[in-house]
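S.K.: The file below is work14.cif, mmCIF, C-alpha atoms and all ligand atoms:
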```cif
data_my_file
loop_
_atom_site.label_atom_id
_atom_site.label_comp_id
_atom_site.auth_asym_id
_atom_site.auth_seq_id
_atom_site.Cartn_x
_atom_site.Cartn_y
_atom_site.Cartn_z
CA MET A 1 -29.51 12.12 -13.18
CA ALA A 2 -29.00 9.59 -10.39
CA TYR A 3 -25.80 7.54 -10.16
CA ARG A 4 -26.63 3.85 -10.33
CA VAL A 5 -24.43 2.13 -7.74
CA THR A 6 -24.21 -1.53 -6.73
CA LEU A 7 -24.65 -1.86 -2.96
CA ILE A 8 -23.38 -5.01 -1.21
CA PRO A 9 -24.41 -4.89 2.49
CA GLY A 10 -22.06 -7.76 3.45
CA ASP A 11 -21.87 -9.81 6.67
CA GLY A 12 -21.66 -9.13 10.41
CA ILE A 13 -21.65 -5.37 10.99
CA GLY A 14 -21.82 -4.83 7.19
CA PRO A 15 -25.60 -4.17 6.93
CA GLU A 16 -25.43 -1.63 9.80
CA VAL A 17 -22.44 0.34 8.46
CA THR A 18 -23.67 0.31 4.85
CA THR A 19 -27.11 1.57 5.98
CA ALA A 20 -25.29 4.37 7.83
CA ALA A 21 -23.15 5.18 4.78
CA ARG A 22 -26.16 5.21 2.49
CA ARG A 23 -27.93 7.66 4.78
CA VAL A 24 -24.92 10.02 4.66
CA ALA A 25 -24.56 9.65 0.87
CA GLU A 26 -28.20 10.65 0.44
CA ALA A 27 -27.79 13.68 2.74
CA THR A 28 -25.26 15.19 0.28
CA GLY A 29 -28.06 15.89 -2.22
CA VAL A 30 -26.30 13.81 -4.89
CA SER A 31 -28.86 11.33 -6.30
CA PHE A 32 -28.19 7.62 -6.06
CA ASP A 33 -30.11 4.69 -7.46
CA TRP A 34 -28.87 1.75 -5.36
CA GLU A 35 -28.90 -1.76 -6.81
CA VAL A 36 -28.72 -3.96 -3.70
CA VAL A 37 -27.16 -7.41 -4.22
CA ASP A 38 -26.07 -10.01 -1.68
CA ALA A 39 -22.67 -11.68 -1.39
CA GLY A 40 -21.29 -13.74 1.50
CA GLU A 41 -23.46 -15.47 4.10
CA ALA A 42 -26.75 -13.92 2.90
CA ALA A 43 -26.04 -15.11 -0.64
CA ILE A 44 -25.24 -18.63 0.54
CA LYS A 45 -28.65 -18.75 2.27
CA ALA A 46 -30.48 -17.41 -0.78
CA SER A 47 -28.66 -19.10 -3.65
CA GLY A 48 -26.12 -21.57 -2.23
CA THR A 49 -23.07 -19.63 -3.41
CA PRO A 50 -21.18 -16.80 -1.64
CA LEU A 51 -20.48 -14.85 -4.84
CA PRO A 52 -23.41 -15.15 -7.28
CA GLU A 53 -22.80 -14.18 -10.90
CA ALA A 54 -25.49 -11.47 -10.44
CA VAL A 55 -23.12 -9.57 -8.12
CA LEU A 56 -20.33 -9.54 -10.70
CA ASP A 57 -22.79 -8.60 -13.47
CA SER A 58 -24.20 -5.73 -11.41
CA ILE A 59 -20.72 -4.23 -10.79
CA ARG A 60 -19.70 -4.70 -14.44
CA LYS A 61 -22.88 -2.90 -15.50
CA ASN A 62 -22.88 -0.04 -12.96
CA LYS A 63 -19.06 0.34 -12.82
CA VAL A 64 -19.22 1.58 -9.21
CA ALA A 65 -20.02 -0.35 -6.01
CA LEU A 66 -20.21 0.38 -2.29
CA LYS A 67 -19.45 -2.75 -0.31
CA GLY A 68 -19.67 -3.85 3.31
CA PRO A 69 -17.21 -6.38 4.78
CA ILE A 70 -17.69 -10.08 4.05
CA THR A 71 -16.78 -12.95 6.39
CA THR A 72 -14.26 -15.56 5.27
CA PRO A 73 -14.19 -18.84 7.23
CA ILE A 74 -10.73 -19.45 8.75
CA GLY A 75 -8.74 -22.57 7.80
CA GLY A 76 -11.47 -24.20 5.70
CA GLY A 77 -14.84 -23.50 4.09
CA PHE A 78 -15.33 -21.41 0.96
CA ARG A 79 -12.57 -19.28 -0.60
CA SER A 80 -12.58 -15.59 0.25
CA VAL A 81 -15.35 -13.69 -1.56
CA ASN A 82 -13.21 -10.56 -1.31
CA VAL A 83 -10.23 -12.17 -3.05
CA ALA A 84 -12.48 -13.77 -5.70
CA LEU A 85 -14.21 -10.42 -6.41
CA ARG A 86 -10.85 -8.67 -6.92
CA GLN A 87 -9.52 -11.43 -9.16
CA GLN A 88 -12.66 -11.95 -11.25
CA LEU A 89 -13.23 -8.23 -11.88
CA ASP A 90 -9.49 -7.51 -12.17
CA LEU A 91 -9.70 -4.88 -9.42
CA TYR A 92 -5.94 -4.73 -9.21
CA ALA A 93 -5.30 -1.58 -7.15
CA SER A 94 -6.35 -1.56 -3.50
CA VAL A 95 -5.94 2.02 -2.28
CA ARG A 96 -6.13 2.69 1.44
CA PRO A 97 -5.64 6.24 2.69
CA SER A 98 -4.82 6.72 6.39
CA ARG A 99 -5.53 10.25 7.60
CA SER A 100 -5.57 11.13 11.27
CA ILE A 101 -9.20 11.78 12.04
CA ALA A 102 -9.96 9.80 15.18
CA GLY A 103 -9.47 12.54 17.75
CA GLU A 104 -7.15 13.55 20.52
CA GLY A 105 -5.96 10.04 21.28
CA THR A 106 -4.60 9.39 17.82
CA ARG A 107 -1.02 8.37 18.39
CA PHE A 108 0.28 10.03 15.24
CA PRO A 109 -1.85 13.10 14.50
CA GLU A 110 0.25 14.00 11.44
CA THR A 111 -0.47 10.69 9.71
CA ASP A 112 -1.37 11.12 6.05
CA LEU A 113 -0.39 7.95 4.18
CA ILE A 114 -1.75 6.03 1.20
CA VAL A 115 -1.06 2.31 0.83
CA VAL A 116 -1.37 1.12 -2.79
CA ARG A 117 -1.58 -2.67 -2.72
CA GLU A 118 -1.52 -5.05 -5.69
CA ALA A 119 -4.77 -7.00 -5.21
CA THR A 120 -4.93 -9.82 -7.76
CA GLU A 121 -1.86 -12.05 -7.30
CA GLY A 122 1.08 -12.62 -4.90
CA LEU A 123 0.45 -14.93 -1.96
CA TYR A 124 -3.32 -14.52 -2.50
CA SER A 125 -3.04 -16.52 -5.74
CA GLY A 126 -5.18 -19.29 -4.23
CA VAL A 127 -2.68 -21.84 -5.61
CA GLU A 128 -1.95 -23.95 -2.55
CA HIS A 129 -1.95 -27.59 -1.51
CA TRP A 130 -0.99 -30.08 1.14
CA VAL A 131 2.28 -31.76 0.23
CA ASP A 132 1.36 -35.16 1.72
CA ARG A 133 -1.63 -37.10 2.99
CA ASP A 134 -0.67 -36.52 6.63
CA HIS A 135 -0.86 -32.75 6.14
CA SER A 136 2.64 -32.46 7.59
CA ALA A 137 3.68 -29.85 5.02
CA ALA A 138 1.89 -27.34 2.79
CA GLU A 139 2.74 -24.94 -0.03
CA THR A 140 1.22 -21.66 -1.24
CA VAL A 141 2.46 -20.27 -4.55
CA ASN A 142 3.51 -16.60 -4.59
CA ILE A 143 2.72 -15.45 -8.12
CA ILE A 144 4.31 -12.17 -9.19
CA THR A 145 4.05 -11.10 -12.82
CA ARG A 146 5.78 -8.30 -14.67
CA LYS A 147 2.42 -7.08 -16.02
CA ALA A 148 0.75 -6.76 -12.60
CA SER A 149 3.87 -5.25 -10.99
CA ASP A 150 4.19 -2.66 -13.76
CA ARG A 151 0.56 -1.58 -13.60
CA ILE A 152 0.41 -1.25 -9.79
CA CYS A 153 3.66 0.75 -9.73
CA ARG A 154 2.38 2.96 -12.57
CA PHE A 155 -0.89 3.45 -10.63
CA ALA A 156 1.06 4.60 -7.55
CA PHE A 157 3.26 7.05 -9.47
CA GLU A 158 0.26 8.44 -11.39
CA LEU A 159 -1.62 8.94 -8.10
CA ALA A 160 1.40 10.64 -6.51
CA ARG A 161 1.85 12.97 -9.50
CA ARG A 162 -1.87 13.82 -9.77
CA GLU A 163 -2.33 14.48 -6.04
CA ARG A 164 1.09 16.13 -5.59
CA ARG A 165 2.21 13.69 -2.93
CA LYS A 166 5.77 14.02 -1.68
CA LYS A 167 7.14 10.58 -2.64
CA VAL A 168 6.46 6.94 -3.49
CA THR A 169 8.09 4.15 -1.46
CA GLY A 170 8.32 0.67 -3.02
CA VAL A 171 8.15 -2.11 -0.41
CA HIS A 172 9.35 -5.69 -1.02
CA LYS A 173 11.55 -8.48 0.34
CA ALA A 174 13.91 -8.86 -2.60
CA ASN A 175 16.85 -9.81 -0.36
CA ILE A 176 15.15 -13.11 0.56
CA MET A 177 12.65 -13.65 -2.28
CA LYS A 178 15.22 -13.48 -5.03
CA THR A 179 12.80 -14.09 -7.91
CA THR A 180 9.36 -12.76 -6.89
CA GLY A 181 10.74 -9.94 -4.72
CA ALA A 182 13.38 -9.02 -7.29
CA LEU A 183 10.82 -8.91 -10.12
CA PHE A 184 8.63 -6.46 -8.19
CA GLN A 185 11.72 -4.42 -7.25
CA MET A 186 12.82 -4.23 -10.90
CA ALA A 187 9.34 -3.06 -11.99
CA PHE A 188 9.35 -0.42 -9.24
CA ARG A 189 12.82 0.89 -10.18
CA GLU A 190 11.98 1.15 -13.86
CA MET A 191 8.70 2.93 -13.13
CA ALA A 192 10.48 5.34 -10.76
CA ALA A 193 12.89 6.19 -13.59
CA ALA A 194 9.91 6.91 -15.87
CA TYR A 195 8.55 9.45 -13.32
CA PRO A 196 11.63 11.61 -12.59
CA ASP A 197 9.43 14.38 -11.14
CA VAL A 198 8.13 12.07 -8.35
CA PRO A 199 10.70 11.29 -5.60
CA ALA A 200 11.00 7.55 -4.90
CA ASP A 201 12.73 5.26 -2.44
CA GLU A 202 12.60 1.60 -1.38
CA ARG A 203 12.29 -0.31 1.87
CA LEU A 204 12.34 -3.97 2.86
CA ILE A 205 8.97 -4.89 4.42
CA ASP A 206 10.37 -5.59 7.89
CA ASN A 207 12.22 -2.28 8.03
CA MET A 208 9.13 -0.50 6.65
CA CYS A 209 7.01 -1.70 9.60
CA MET A 210 9.56 -0.38 12.08
CA GLN A 211 9.95 2.93 10.21
CA LEU A 212 6.18 3.48 10.09
CA VAL A 213 5.65 3.16 13.81
CA LYS A 214 8.66 5.41 14.56
CA LYS A 215 8.32 8.18 11.97
CA PRO A 216 5.27 7.84 9.70
CA GLU A 217 5.54 11.51 8.72
CA GLU A 218 8.55 10.61 6.53
CA TYR A 219 6.38 8.44 4.26
CA ASP A 220 3.55 9.20 1.87
CA VAL A 221 2.47 6.82 -0.93
CA ILE A 222 3.55 3.20 -0.32
CA VAL A 223 3.27 0.64 -3.13
CA THR A 224 3.66 -3.07 -2.51
CA THR A 225 2.53 -6.62 -3.22
CA ASN A 226 -0.71 -8.19 -1.98
CA LEU A 227 0.06 -9.68 1.46
CA PHE A 228 2.53 -6.96 2.48
CA GLY A 229 -0.07 -4.35 1.47
CA ASP A 230 -2.78 -6.06 3.51
CA ILE A 231 -0.62 -5.99 6.64
CA LEU A 232 0.74 -2.47 6.09
CA SER A 233 -2.72 -1.00 5.54
CA ASP A 234 -3.94 -2.32 8.92
CA LEU A 235 -0.76 -0.95 10.51
CA CYS A 236 -1.38 2.47 8.91
CA ALA A 237 -5.06 2.34 9.98
CA GLY A 238 -3.78 1.90 13.54
CA LEU A 239 -1.51 4.93 13.19
CA ALA A 240 -4.43 7.08 12.06
CA GLY A 241 -6.94 6.01 14.70
CA GLY A 242 -8.00 2.40 14.22
CA LEU A 243 -9.98 0.13 11.91
CA GLY A 244 -13.23 1.93 12.68
CA VAL A 245 -12.13 4.97 10.67
CA ALA A 246 -10.11 3.44 7.78
CA PRO A 247 -11.74 3.48 4.32
CA GLY A 248 -10.51 1.80 1.15
CA ALA A 249 -11.09 1.57 -2.59
CA LEU A 250 -10.45 -1.08 -5.24
CA TYR A 251 -9.82 0.10 -8.78
CA GLY A 252 -9.63 -1.75 -12.08
CA ASP A 253 -9.23 -0.07 -15.45
CA HIS A 254 -12.99 0.61 -15.70
CA LEU A 255 -14.52 -0.41 -12.34
CA ALA A 256 -14.31 0.85 -8.75
CA VAL A 257 -15.48 -0.82 -5.53
CA PHE A 258 -15.37 1.07 -2.24
CA GLU A 259 -14.98 -0.97 0.96
CA PRO A 260 -13.58 -0.32 4.45
CA VAL A 261 -10.28 -1.83 5.61
CA HIS A 262 -12.05 -3.56 8.51
CA GLY A 263 -13.78 -6.91 8.42
CA SER A 264 -17.24 -8.06 9.48
CA ALA A 265 -16.45 -7.86 13.26
CA PRO A 266 -18.99 -10.64 14.01
CA LYS A 267 -18.95 -10.02 17.77
CA TYR A 268 -20.63 -6.63 17.23
CA ALA A 269 -23.11 -7.76 14.56
CA GLY A 270 -26.69 -6.59 15.10
CA GLN A 271 -25.85 -4.48 18.18
CA ASP A 272 -25.80 -1.03 16.52
CA ARG A 273 -22.38 -0.51 18.15
CA ALA A 274 -19.95 -0.53 15.19
CA ASP A 275 -18.21 2.64 14.09
CA PRO A 276 -19.75 3.69 10.76
CA VAL A 277 -16.94 6.15 9.87
CA ALA A 278 -14.81 3.79 7.72
CA GLU A 279 -17.82 2.96 5.51
CA ILE A 280 -18.92 6.62 5.45
CA LEU A 281 -15.43 7.68 4.33
CA CYS A 282 -15.79 5.07 1.54
CA VAL A 283 -18.72 7.24 0.39
CA GLU A 284 -16.35 10.24 0.44
CA LEU A 285 -13.86 8.32 -1.79
CA MET A 286 -16.72 7.23 -4.07
CA LEU A 287 -17.96 10.82 -4.45
CA ARG A 288 -14.42 11.93 -5.41
CA HIS A 289 -14.27 9.11 -7.97
CA LEU A 290 -17.61 10.32 -9.41
CA GLY A 291 -16.29 13.90 -9.66
CA GLU A 292 -18.57 15.18 -6.85
CA LYS A 293 -15.80 17.08 -5.05
CA GLU A 294 -17.90 19.45 -2.96
CA ALA A 295 -20.13 16.63 -1.69
CA ALA A 296 -16.99 14.60 -0.85
CA ASP A 297 -15.48 17.55 1.06
CA ARG A 298 -18.76 17.97 2.97
CA VAL A 299 -18.73 14.30 4.03
CA PHE A 300 -15.15 14.53 5.30
CA ARG A 301 -15.80 17.79 7.14
CA ALA A 302 -19.03 16.49 8.74
CA VAL A 303 -17.23 13.33 9.93
CA TRP A 304 -14.37 15.39 11.31
CA GLU A 305 -16.68 17.82 13.17
CA THR A 306 -18.74 14.97 14.63
CA ILE A 307 -15.60 13.28 15.96
CA ALA A 308 -14.16 16.57 17.25
CA GLU A 309 -17.39 17.41 19.15
CA LYS A 310 -17.54 13.96 20.81
CA LYS A 311 -21.32 14.17 21.35
CA PHE A 312 -22.19 11.33 18.99
CA VAL A 313 -19.24 8.94 18.69
CA THR A 314 -19.28 5.15 18.84
CA TYR A 315 -17.56 3.20 21.65
CA ASP A 316 -14.16 3.02 19.94
CA LEU A 317 -13.87 6.84 19.73
CA ALA A 318 -15.35 7.39 23.21
CA LEU A 319 -12.71 5.32 25.02
CA PRO A 320 -10.33 7.20 27.36
CA GLY A 321 -7.42 6.97 24.89
CA TYR A 322 -9.35 9.09 22.42
CA THR A 323 -10.72 11.84 24.58
CA SER A 324 -9.52 13.91 27.52
CA ARG A 325 -13.06 13.90 28.98
CA PRO A 326 -14.96 10.59 28.99
CA VAL A 327 -18.14 10.62 26.90
CA PRO A 328 -20.97 8.07 26.77
CA PRO A 329 -20.73 6.02 23.57
CA SER A 330 -23.28 6.61 20.85
CA THR A 331 -24.81 4.02 18.55
CA CYS A 332 -23.78 3.43 14.95
CA SER A 333 -27.10 4.77 13.66
CA ALA A 334 -27.09 7.88 15.92
CA MET A 335 -23.56 8.78 14.83
CA ALA A 336 -24.54 8.41 11.17
CA GLN A 337 -27.66 10.52 11.74
CA GLU A 338 -25.51 13.29 13.28
CA ILE A 339 -23.02 13.20 10.37
CA ALA A 340 -25.93 13.34 7.88
CA ARG A 341 -27.49 16.27 9.80
CA LYS A 342 -24.24 18.22 9.57
CA ILE A 343 -23.68 17.68 5.82
CA PRO A 344 -25.68 20.72 4.58
CA LEU A 345 -24.40 22.90 7.47
CA VAL A 346 -20.61 22.48 7.21
CA ASP A 347 -18.20 24.67 5.23
CA PRO A 348 -16.59 22.19 2.85
CA ARG A 349 -13.63 24.54 2.21
CA ALA A 350 -12.70 25.11 5.87
CA PRO A 351 -9.20 23.79 6.69
CA ILE A 352 -9.11 20.71 8.89
CA PRO A 353 -7.08 21.42 12.06
CA ARG A 354 -4.84 18.63 13.35
CA PHE A 355 -5.86 16.83 16.51
CA ARG A 356 -3.56 17.12 19.48
CA ALA A 357 -1.58 13.97 20.32
CA THR A 358 -1.84 12.50 23.81
CA THR A 359 0.64 10.31 25.59
CA THR A 360 -2.13 7.98 26.81
CA ALA A 361 -1.85 4.54 25.29
CA SER A 362 -4.57 4.41 22.67
CA ALA A 363 -7.62 2.29 23.37
CA ASP A 364 -7.70 1.38 19.72
CA PRO A 365 -10.46 -1.19 18.95
CA SER A 366 -8.12 -3.07 16.65
CA LEU A 367 -6.10 -4.05 19.74
CA GLU A 368 -9.10 -5.86 21.21
CA THR A 369 -9.10 -9.06 19.17
P1 LIG B 1 -12.34 -7.19 11.88
O1 LIG B 1 -11.83 -5.98 11.19
O2 LIG B 1 -13.69 -7.66 11.50
O3 LIG B 1 -12.35 -6.94 13.44
C1 LIG B 1 -11.20 -6.70 14.22
C2 LIG B 1 -11.61 -5.86 15.44
O4 LIG B 1 -11.59 -4.49 15.05
C3 LIG B 1 -13.04 -6.12 15.93
O5 LIG B 1 -13.09 -7.07 16.94
C4 LIG B 1 -13.45 -4.78 16.48
O6 LIG B 1 -12.98 -4.64 17.81
C5 LIG B 1 -12.69 -3.81 15.61
N1 LIG B 1 -13.49 -3.24 14.56
C6 LIG B 1 -13.47 -3.57 13.23
N2 LIG B 1 -14.32 -2.79 12.57
C7 LIG B 1 -14.91 -1.99 13.48
C8 LIG B 1 -15.88 -0.96 13.40
N3 LIG B 1 -16.44 -0.57 12.24
N4 LIG B 1 -16.27 -0.35 14.55
C9 LIG B 1 -15.72 -0.66 15.71
N5 LIG B 1 -14.78 -1.61 15.85
C10 LIG B 1 -14.39 -2.27 14.74
O7 LIG B 1 -11.24 -8.33 11.63
P2 LIG B 1 -11.29 -9.90 11.95
O8 LIG B 1 -11.94 -10.15 13.26
O9 LIG B 1 -9.91 -10.35 11.73
O10 LIG B 1 -12.18 -10.50 10.79
C11 LIG B 1 -13.58 -10.81 10.91
C12 LIG B 1 -14.07 -11.33 9.57
O11 LIG B 1 -14.00 -10.28 8.58
C13 LIG B 1 -13.24 -12.50 9.01
O12 LIG B 1 -14.13 -13.44 8.45
C14 LIG B 1 -12.39 -11.86 7.93
O13 LIG B 1 -12.03 -12.76 6.91
C15 LIG B 1 -13.34 -10.78 7.42
N6 LIG B 1 -12.66 -9.64 6.75
C16 LIG B 1 -13.28 -9.13 5.66
C17 LIG B 1 -12.73 -8.04 5.02
C18 LIG B 1 -13.43 -7.49 3.81
O14 LIG B 1 -14.58 -7.81 3.58
N7 LIG B 1 -12.78 -6.68 3.00
C19 LIG B 1 -11.56 -7.44 5.52
C20 LIG B 1 -10.99 -7.95 6.69
C21 LIG B 1 -11.54 -9.08 7.31
#
```
Show me, as structure tokens, the structure contained in the file I just sent.

M.R.:
Amino acid sequence: MAYRVTLIPGDGIGPEVTTAARRVAEATGVSFDWEVVDAGEAAIKASGTPLPEAVLDSIRKNKVALKGPITTPIGGGFRSVNVALRQQLDLYASVRPSRSIAGEGTRFPETDLIVVREATEGLYSGVEHWVDRDHSAAETVNIITRKASDRICRFAFELARRERRKKVTGVHKANIMKTTGALFQMAFREMAAAYPDVPADERLIDNMCMQLVKKPEEYDVIVTTNLFGDILSDLCAGLAGGLGVAPGALYGDHLAVFEPVHGSAPKYAGQDRADPVAEILCVELMLRHLGEKEAADRVFRAVWETIAEKKFVTYDLALPGYTSRPVPPSTCSAMAQEIARKIPLVDPRAPIPRFRATTTASADPSLET
């Protein structure tokens, strides 16, 4: 029987990378019945609203969605569709694995981290206002609840126990935020005590950033509040090779939405240049969620082999920082076609060798903005 999955192409490079991901998903032999719905700019054109009720209904009904990135206007305009989707469907756990896969230029080839970010409250509460008519001051409310802190910490410890990860690090700023930070810290400490078999430690967010760029191999699962998690997951994506290769998943109690860490990269929209790997690795995470382990392993292996061969890699992975011999960049669609071609040919059980680190400064695309 086919899995019925909601597919949201998204904005900017979204339609290109979701088309690529769909092609790879179909090459695994697992059957999918895609229900394509629009959110973001395409939905505004069609129905006047960026997040039509039909999108929420489709995800509630199918329980699984594959999503492309969606543009959010800066400083004004409509509220973020991404934030609204997480809040309205109570997709509270944003899980972003960072595994070194981008090739020889990866600065930290041993990187294997998972950021677990609370995704429904904190500084993304949407409760904000100008203090006066002159707009000389503004306030945003940081909402932290015991319920949301408990469930995200429990999620992180359960994940660490299930996947035999080496430890969970709770990240906060309880020294300065003496109510919101302290509440999250208390929830983390009590959850750590309830999981005595899973090692745990804590870091302040500023120290965590410094520690991650100096010795990421000392960390494993990181659990934190919404804004800190957003920033840390981009940082970890950079450690593992850049935004072009960083997938993500959003989980609620009964729903799961798979989306890359990167945004809609408008400057590359419609050029067939974007790296499809992050969206393709979202398919890998989705297959694992569906219990299709062998298909998921095939996707990861095919991506890894394609990057290692360097015959069909997009511009970001063809830059000098990522390869000892320059290669002409491939298109998004050609790279996806190559990954799809390899899917039935790869050995899904073969161990994945580590890439060699180089001392060349990485030409990471996320440094370009
Ligand atoms: P971005 O991730 O879209 O782009 C940052 C830079 O990273 C790009 O200029 C590009 O050089 C590189 N990059 C990103 N994805 C790439 C890919 N697949 N292949 C190759 N290079 C890639 O971030 P931004 O410019 O800050 O945001 C653009 C828009 O995306 C904004 O409207 C933002 O709100 C939105 N956004 C959406 C999501 C989401 O839908 N979950 C996440 C982040 C940002």

S.K.: With all atoms listed in the file as the basis for distance, which of A:Val36, A:Leu243, A:Met177, A:Leu204 is at the shortest distance from ligand LIG 1 (chain B)?

M.R.: A:Leu243

S.K.: To one decimal in Å, tell me the separation between atom CA of A:Val245 and atom CA of A:Thr314.

M.R.: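 Between atom CA of A:Val245 and atom CA of A:Thr314 the gap works out to 10.9 Å.
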
S.K.: With distances taken over all atoms listed in the file, which residue among A:Ala43, A:Ala27, A:Ser136, A:Val5 lies nearest A:Gln337?

M.R.: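 So, comparing all the options, the nearest one is A:Ala27.
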
S.K.: List all protein, DNA and RNA residues that have any atom at most 6 Å from ligand LIG 1 (chain B), counting only C-alpha atoms and all ligand atoms, and write the list as an NGL selection string.

M.R.: :A and (69-73 or 82 or 243-244 or 261-265 or 274-276 or 316 or 365-366 or 368-369)

S.K.: How about saving the chosen residues, C-alpha atoms kept, as an mmCIF file, in the coordinates of the input?

M.R.:
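Final output, selection_29.cif:
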```
data_model
loop_
_atom_site.group_PDB
_atom_site.id
_atom_site.type_symbol
_atom_site.label_atom_id
_atom_site.label_comp_id
_atom_site.auth_asym_id
_atom_site.auth_seq_id
_atom_site.Cartn_x
_atom_site.Cartn_y
_atom_site.Cartn_z
ATOM 1 C CA PRO A 69 -17.210 -6.380 4.780
ATOM 2 C CA ILE A 70 -17.690 -10.080 4.050
ATOM 3 C CA THR A 71 -16.780 -12.950 6.390
ATOM 4 C CA THR A 72 -14.260 -15.560 5.270
ATOM 5 C CA PRO A 73 -14.190 -18.840 7.230
ATOM 6 C CA ASN A 82 -13.210 -10.560 -1.310
ATOM 7 C CA LEU A 243 -9.980 0.130 11.910
ATOM 8 C CA GLY A 244 -13.230 1.930 12.680
ATOM 9 C CA VAL A 261 -10.280 -1.830 5.610
ATOM 10 C CA HIS A 262 -12.050 -3.560 8.510
ATOM 11 C CA GLY A 263 -13.780 -6.910 8.420
ATOM 12 C CA SER A 264 -17.240 -8.060 9.480
ATOM 13 C CA ALA A 265 -16.450 -7.860 13.260
ATOM 14 C CA ALA A 274 -19.950 -0.530 15.190
ATOM 15 C CA ASP A 275 -18.210 2.640 14.090
ATOM 16 C CA PRO A 276 -19.750 3.690 10.760
ATOM 17 C CA ASP A 316 -14.160 3.020 19.940
ATOM 18 C CA PRO A 365 -10.460 -1.190 18.950
ATOM 19 C CA SER A 366 -8.120 -3.070 16.650
ATOM 20 C CA GLU A 368 -9.100 -5.860 21.210
ATOM 21 C CA THR A 369 -9.100 -9.060 19.170
#
```

S.K.: Can you tell me how far atom CA of A:Gly248 sits from atom CA of A:Ala340, in Å to one decimal?

M.R.: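 Going from atom CA of A:Gly248 over to atom CA of A:Ala340 covers 20.4 Å.
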
S.K.: Would you list the contacts of stretch 213-229 of chain A as number ranges by chain, taking every protein, DNA or RNA residue within 7 Å and counting all atoms listed in the file, but skipping same-chain residues closer than 4 positions in sequence?

M.R.: A: 110-119, 121-124, 153, 156, 160, 165-172, 209, 233

S.K.: Could you list, as a list in words, every residue within 7 Å of A:Phe184, counting all atoms listed in the file and ignoring same-chain residues fewer than 4 positions away?

M.R.: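 The neighbour list is Ser149, Thr180 and Phe188 of chain A.
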
S.K.: Check the smallest atom-to-atom distance from each of A:Val17, A:Val257, A:Met1, A:Ile205 to A:Leu232 using only C-alpha atoms, then report the winner.

M.R.: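 When distances to A:Leu232 are compared using only C-alpha atoms, the smallest one comes from A:Ile205.
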
S.K.: Counting only C-alpha atoms, which residue out of A:Val141, A:Leu250, A:Ala334, A:Ala302 sits closest to A:Ser94?

M.R.: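 Result for the nearest residue to A:Ser94: A:Leu250.
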
S.K.: What's the separation between atom CA of A:Ala93 and atom CA of A:Leu66, in Å to one decimal place?

M.R.: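 Answer for the atom CA of A:Ala93 to atom CA of A:Leu66 separation: 15.8 Å.
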
S.K.: Could you name the residues that touch A:Met286 at 9 Å or less, counting all atoms listed in the file, but leaving out those on the same chain fewer than 3 positions away, as a ChimeraX atom specification?

M.R.: /A:64-66,249,256-258,281-283,289-292,296

S.K.: Could you check the closest approach to A:Pro351 for each of A:Trp130, A:Phe300, A:Tyr315, A:Phe157 and tell me which residue wins, using all atoms listed in the file?

M.R.: A:Phe300

S.K.: Applying 7 Å and only C-alpha atoms, which residues near A:Asp272 remain after dropping the ones on its own chain fewer than 3 positions away? List them as an MDAnalysis selection string.

M.R.: chainID A and resid 16 331:333

S.K.: Neighbouring residues of A:Gly126 were defined as those with any atom within 12 Å, considering all atoms listed in the file; residues of the same chain fewer than 3 positions away were excluded. Please report them as a PyMOL selection string.

M.R.: chain A and resi 78-81+83-84+87+120-123+129+139-143

S.K.: Considering all atoms listed in the file, can you say which of A:Leu212, A:Arg133, A:Trp34, A:Ser330 comes closest to A:Leu239?

M.R.: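 Once distances to A:Leu239 are computed over all atoms listed in the file, the minimum belongs to A:Leu212.
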
S.K.: To test the calculation: enclose all listed atoms of stretch 14-23 of chain A in a box whose edges run along x, y and z, add 5 Å on each side, then state centre and edge lengths in Å to one decimal, as JSON.

M.R.:
```
{"center_x": -24.9, "center_y": 1.4, "center_z": 6.1, "size_x": 16.1, "size_y": 22.5, "size_z": 17.3}
```
